[in-house]
Amino acid sequence: MDRYFAPGTNHLFVPGPVNIPDHVIRAMNRNNEDYRAPPIPALTKDLLEDVKKIFKTTTGTPFLIPTTGTGAWESALTNTLSPGDRTVSFLIGQFSLLWIDQQKRLRFNVDVIESEWGQGANLEILAEKIAADRAHTIKAVCIVHNETATGVTNNLAAVRRILDEYRHPALFLVDGVSSICALDFRMDEWGVDVALTGSQKALSLPTGMGIVCAGPKALEASKSAQSVRFFFDWNDYLKFYKLGTFWPYTPSIQLLYGMRAALDIIFEEGLDNVIERHSRLGKATRLAVEAWGLKNCTQREEWFSDTVTAVVVPPYIDSTEIVKRAWKRYNLSLGLGLNKVAGKVFRIGHLGHLNDVQLLGCLAGVEMVLKDVGYPVKMGSGVGAASAYLQNTIPLIPSRI
């Protein structure tokens with residue numbers, strides 16, 4: 001942004017990376033330290049315990065890996081599976097597509113269940129495959145909890161019910177990159193064996209840390225998994241956990257201090273309150289889209305995402321122009337349509353360190369952009385619908401009561 005000066009603040013409403021709280025930025029503004037000296041292991045030990053809270057697990061073992069969500073995917077797969085293993089994976093948008101591509105490159109036998117973009121995972125087909133697999137050839141079911149390309153959230157509890165109904169031992173692997181710490185996520189209750197997220201999403205940190213949490217069944221599977229791994233090998237982490245030094249290689253000192261600050265902010269608000277705030281922001285955004293006379297890419301209410309809304313534009317408008325115009329004229333960053341929905345949708349991210357009034361500013365900006373590109377929006381319609389809802393639902397700030 002230094003090369004493209006604009007007055008005021010960039011309004012960042014992509015579905016990740018997200019706004020970073022000032023407190024977190026200040027916490028990261030420090031020199032490097034010797035990660036083998038006592039302070040960093042002590043800090044790491046506390047972080048590992050607290051990270052379990054955002055996954056809602058008491059039995060999981062977390063790994064803080066210097067990587068992105070893509071690296072976290074690879075860590076989850078290579079530590080639990082062997083080449084040739086059969087996986088079932090759902091193709092519902094760009095990020096589920098990429099995870100499937102990764103599984104294929106890692107030489108797994110991927111059984112793809114594909115749905116129209118804008119729909120959720122087809123659990124009826126999953127149930128048929130699980131019921132038919134009496135030999136238990138399926139070693140893992142892989143699902144993206146929240147597909148950010150289309151704004152679709154999947155029902156993880158329903159996946160677990162299917163596996164339990166047929167007493168199937170397949171591992172349950174979940175990409176929670178744009179859901180964990182923003183949407184309801186219950187690792188232990190839903191029997192998730194591996195869950196993962198990225199630092200740049202709801203945690204509101206810079207990109208650079210993949211957070212993976214492995215349940216007991218996944219750790220047991222890692223003992224026999226034959227996939228080649230080195231950088232992502234959980235066994236190296238576990239060895240250093242036992243030694244009390246925690247790190248098999250150099251971590252980002254600054255990100256560790258940032259994570260401490262980010263978790264403190266989340267716990268001060270309360271994780272359930274954070275989830276409720278995201279629910280409120282998602283609902284307000286959808287009300288605005290409806291008031292504009294536009295459609296949500298997500299086809300059924302049960303799949304609506306509370307962290308991102310993909311907005312379908314009329315055929316005579318290229319959604320890429322909306323994103324470009326927003327940035328060029330209003331210093332507003334919106335998400336592009338990706339792959340099959342490129343040019344057809346734009347995305348409003350509403351996750352992370354974000355409040356209701358900030359969202360209203362974004363919606364006002366979107367209205368101006370829609371007018372710019374020739375869409376006959378009634379100015380104030382979306383902002384009015386969203387603000388009427390928010391005015392009746394925003395709670396008092398606890399620290400200011």
# chains A, B, ... in the order shown; residues from 1 in each chain; ligands from 1

call {"tool": "select_by_dssp", "arguments": {"residues": "range 192-273 of chain A", "states": "helix (DSSP H, G or I)", "output": "ChimeraX atom specification"}}
result
/A:216-222,234-243,253-269,271-273

call {"tool": "closest_atom_pairs", "arguments": {"of": "range 104-196 of chain A", "to": "range 348-351 of chain A", "cutoff": "9 Å", "atoms": "only C-alpha atoms", "output": "CSV"}}
result
residue,atom,partner,partner_atom,distance
A:Thr148,CA,A:Gly349,CA,8.7
A:Ser178,CA,A:Leu351,CA,8.2
A:Ser179,CA,A:Leu351,CA,8.9
A:Ala182,CA,A:Leu351,CA,6.8

call {"tool": "write_last_selection", "arguments": {"atoms": "N, CA and C atoms", "output": "compact mmCIF listing (two decimals), in the first residue's frame"}}
result
# COMPACT_ATOMS: atom_id res chain seq x y z
N THR A 148 -14.57 -20.81 1.05
CA THR A 148 -14.61 -19.35 0.92
C THR A 148 -14.85 -18.88 -0.51
N SER A 178 -11.06 -21.13 7.25
CA SER A 178 -11.86 -19.91 7.38
C SER A 178 -13.07 -20.10 8.31
N SER A 179 -12.96 -21.09 9.20
CA SER A 179 -14.06 -21.33 10.14
C SER A 179 -13.62 -21.31 11.59
N ALA A 182 -14.24 -18.60 14.37
CA ALA A 182 -15.28 -17.70 13.86
C ALA A 182 -16.63 -18.40 13.78

call {"tool": "select_by_dssp", "arguments": {"residues": "range 281-382 of chain A", "states": "strand (DSSP E or B)", "output": "PyMOL selection string"}}
result
chain A and resi 295-296+304+308-312+332-335+345-349

call {"tool": "write_last_selection", "arguments": {"atoms": "N, CA, C and O atoms", "output": "short mmCIF file (atom, residue, chain, number, x, y, z; two decimals), in the first residue's frame"}}
result
data_model
loop_
_atom_site.label_atom_id
_atom_site.label_comp_id
_atom_site.auth_asym_id
_atom_site.auth_seq_id
_atom_site.Cartn_x
_atom_site.Cartn_y
_atom_site.Cartn_z
N LYS A 295 -28.43 -11.92 -5.55
CA LYS A 295 -28.54 -13.25 -4.99
C LYS A 295 -27.24 -13.70 -4.33
O LYS A 295 -26.15 -13.32 -4.74
N ASN A 296 -27.40 -14.52 -3.31
CA ASN A 296 -26.28 -15.17 -2.65
C ASN A 296 -25.87 -16.38 -3.48
O ASN A 296 -26.73 -17.14 -3.96
N PHE A 304 -25.37 -21.29 4.49
CA PHE A 304 -24.87 -19.91 4.57
C PHE A 304 -23.65 -19.83 5.48
O PHE A 304 -23.64 -20.38 6.58
N VAL A 308 -18.01 -15.31 5.15
CA VAL A 308 -17.87 -14.74 3.81
C VAL A 308 -19.19 -14.90 3.07
O VAL A 308 -19.89 -15.90 3.21
N THR A 309 -19.54 -13.88 2.30
CA THR A 309 -20.74 -13.93 1.45
C THR A 309 -20.30 -13.70 0.00
O THR A 309 -19.66 -12.70 -0.31
N ALA A 310 -20.64 -14.66 -0.86
CA ALA A 310 -20.35 -14.54 -2.29
C ALA A 310 -21.62 -14.02 -2.98
O ALA A 310 -22.67 -14.65 -2.92
N VAL A 311 -21.50 -12.86 -3.62
CA VAL A 311 -22.66 -12.17 -4.19
C VAL A 311 -22.67 -12.36 -5.70
O VAL A 311 -21.69 -12.03 -6.39
N VAL A 312 -23.76 -12.89 -6.22
CA VAL A 312 -23.90 -13.11 -7.67
C VAL A 312 -24.35 -11.81 -8.34
O VAL A 312 -25.30 -11.16 -7.88
N LEU A 332 -11.36 0.18 -0.93
CA LEU A 332 -12.11 -0.93 -0.35
C LEU A 332 -11.67 -2.22 -1.04
O LEU A 332 -11.70 -2.32 -2.26
N SER A 333 -11.25 -3.19 -0.25
CA SER A 333 -10.77 -4.46 -0.80
C SER A 333 -11.84 -5.54 -0.64
O SER A 333 -12.20 -5.91 0.49
N LEU A 334 -12.34 -6.03 -1.77
CA LEU A 334 -13.32 -7.11 -1.80
C LEU A 334 -12.69 -8.34 -2.45
O LEU A 334 -11.66 -8.24 -3.13
N GLY A 335 -13.31 -9.50 -2.27
CA GLY A 335 -12.78 -10.73 -2.83
C GLY A 335 -13.25 -10.98 -4.25
O GLY A 335 -14.42 -10.77 -4.58
N VAL A 345 -19.23 -13.56 -9.44
CA VAL A 345 -19.49 -13.19 -8.06
C VAL A 345 -18.37 -12.30 -7.55
O VAL A 345 -17.25 -12.32 -8.06
N PHE A 346 -18.68 -11.49 -6.56
CA PHE A 346 -17.65 -10.87 -5.73
C PHE A 346 -17.93 -11.28 -4.30
O PHE A 346 -19.05 -11.65 -3.94
N ARG A 347 -16.89 -11.24 -3.47
CA ARG A 347 -17.03 -11.78 -2.12
C ARG A 347 -16.78 -10.70 -1.07
O ARG A 347 -15.84 -9.91 -1.19
N ILE A 348 -17.63 -10.70 -0.07
CA ILE A 348 -17.46 -9.81 1.07
C ILE A 348 -17.03 -10.68 2.25
O ILE A 348 -17.77 -11.55 2.71
N GLY A 349 -15.82 -10.46 2.71
CA GLY A 349 -15.33 -11.18 3.87
C GLY A 349 -15.75 -10.46 5.14
O GLY A 349 -15.62 -9.24 5.24
#

call {"tool": "closest_residue", "arguments": {"among": "A:Lys139, A:Thr320, A:Phe63, A:Ile394", "to": "Leu338 in chain A", "atoms": "only C-alpha atoms"}}
result
A:Thr320

call {"tool": "closest_residue", "arguments": {"among": "A:Val369, A:Ile100, A:Ala388, A:Ala157", "to": "Glu74 in chain A", "atoms": "only C-alpha atoms"}}
result
A:Ile100

call {"tool": "residues_around", "arguments": {"residues": "Trp73 in chain A", "least_positions_apart": "5", "cutoff": "8 Å", "atoms": "only C-alpha atoms", "output": "JSON, numbers by chain"}}
result
{"A": [99, 175, 196]}

call {"tool": "write_last_selection", "arguments": {"atoms": "N, CA, C and O atoms", "output": "JSON list (two decimals), in the first residue's frame"}}
result
[["chain", "number", "residue", "atom", "x", "y", "z"],
["A", 99, "TRP", "N", -7.41, -28.76, -2.47],
["A", 99, "TRP", "CA", -7.05, -29.82, -1.53],
["A", 99, "TRP", "C", -7.11, -31.18, -2.22],
["A", 99, "TRP", "O", -6.27, -32.05, -1.99],
["A", 175, "ASP", "N", -10.60, -29.22, 6.98],
["A", 175, "ASP", "CA", -10.01, -27.91, 6.72],
["A", 175, "ASP", "C", -10.92, -26.87, 7.39],
["A", 175, "ASP", "O", -12.04, -26.64, 6.95],
["A", 196, "LEU", "N", -7.49, -28.20, 11.05],
["A", 196, "LEU", "CA", -6.41, -27.26, 10.77],
["A", 196, "LEU", "C", -6.97, -25.89, 10.45],
["A", 196, "LEU", "O", -8.10, -25.74, 9.98]]

call {"tool": "atom_distance", "arguments": {"atom1": "CA of Trp327 in chain A", "atom2": "CA of Asn146 in chain A"}}
result
25.5 Å

call {"tool": "closest_residue", "arguments": {"among": "A:Leu256, A:Ile162, A:Leu91, A:Cys213", "to": "Ala42 in chain A", "atoms": "only C-alpha atoms"}}
result
A:Leu256

call {"tool": "closest_residue", "arguments": {"among": "A:Glu301, A:Glu268, A:Glu33, A:Asp306", "to": "Leu183 in chain A", "atoms": "only C-alpha atoms"}}
result
A:Asp306

call {"tool": "atom_distance", "arguments": {"atom1": "CA of Thr245 in chain A", "atom2": "CA of Gly69 in chain A"}}
result
24.4 Å

call {"tool": "residues_around", "arguments": {"residues": "Tyr237 in chain A", "least_positions_apart": "6", "cutoff": "7 Å", "atoms": "only C-alpha atoms", "output": "list of chain:residue names"}}
result
A:Phe246, A:Trp247, A:Pro248

call {"tool": "residues_around", "arguments": {"residues": "Lys56 in chain A", "least_positions_apart": "2", "cutoff": "8 Å", "atoms": "only C-alpha atoms", "output": "list of chain:residue names"}}
result
A:Lys52, A:Lys53, A:Ile54, A:Thr58, A:Phe185, A:Arg186, A:Met187, A:Asp188

call {"tool": "write_last_selection", "arguments": {"atoms": "N, CA and C atoms", "output": "mmCIF file, in the first residue's frame"}}
result
data_model
loop_
_atom_site.group_PDB
_atom_site.id
_atom_site.type_symbol
_atom_site.label_atom_id
_atom_site.label_comp_id
_atom_site.auth_asym_id
_atom_site.auth_seq_id
_atom_site.Cartn_x
_atom_site.Cartn_y
_atom_site.Cartn_z
ATOM 1 N N LYS A 52 -5.766 -25.363 22.022
ATOM 2 C CA LYS A 52 -6.746 -26.445 22.122
ATOM 3 C C LYS A 52 -8.155 -25.903 22.379
ATOM 4 N N LYS A 53 -8.226 -24.763 23.043
ATOM 5 C CA LYS A 53 -9.534 -24.179 23.372
ATOM 6 C C LYS A 53 -10.274 -23.723 22.123
ATOM 7 N N ILE A 54 -9.557 -23.204 21.115
ATOM 8 C CA ILE A 54 -10.256 -22.726 19.924
ATOM 9 C C ILE A 54 -10.735 -23.885 19.049
ATOM 10 N N THR A 58 -9.995 -31.391 24.319
ATOM 11 C CA THR A 58 -9.124 -31.672 25.466
ATOM 12 C C THR A 58 -8.190 -32.828 25.152
ATOM 13 N N PHE A 185 -17.272 -24.723 16.040
ATOM 14 C CA PHE A 185 -16.405 -25.852 15.700
ATOM 15 C C PHE A 185 -16.128 -26.639 16.976
ATOM 16 N N ARG A 186 -16.405 -27.949 16.925
ATOM 17 C CA ARG A 186 -16.293 -28.781 18.125
ATOM 18 C C ARG A 186 -15.534 -30.062 17.781
ATOM 19 N N MET A 187 -14.245 -30.008 17.931
ATOM 20 C CA MET A 187 -13.400 -31.123 17.502
ATOM 21 C C MET A 187 -13.735 -32.412 18.242
ATOM 22 N N ASP A 188 -13.792 -32.366 19.548
ATOM 23 C CA ASP A 188 -14.056 -33.587 20.315
ATOM 24 C C ASP A 188 -15.488 -34.079 20.121
#

call {"tool": "residues_around", "arguments": {"residues": "Val228 in chain A", "least_positions_apart": "4", "cutoff": "12 Å", "atoms": "only C-alpha atoms", "output": "VMD selection string"}}
result
chain A and resid 74 to 75 77 to 83 106 to 107 222 224 232 to 233

call {"tool": "residues_around", "arguments": {"residues": "Ser387 in chain A", "least_positions_apart": "5", "cutoff": "12 Å", "atoms": "only C-alpha atoms", "output": "ChimeraX atom specification"}}
result
/A:280-281,283-288,291,356-361,363-364,380-382,392-394
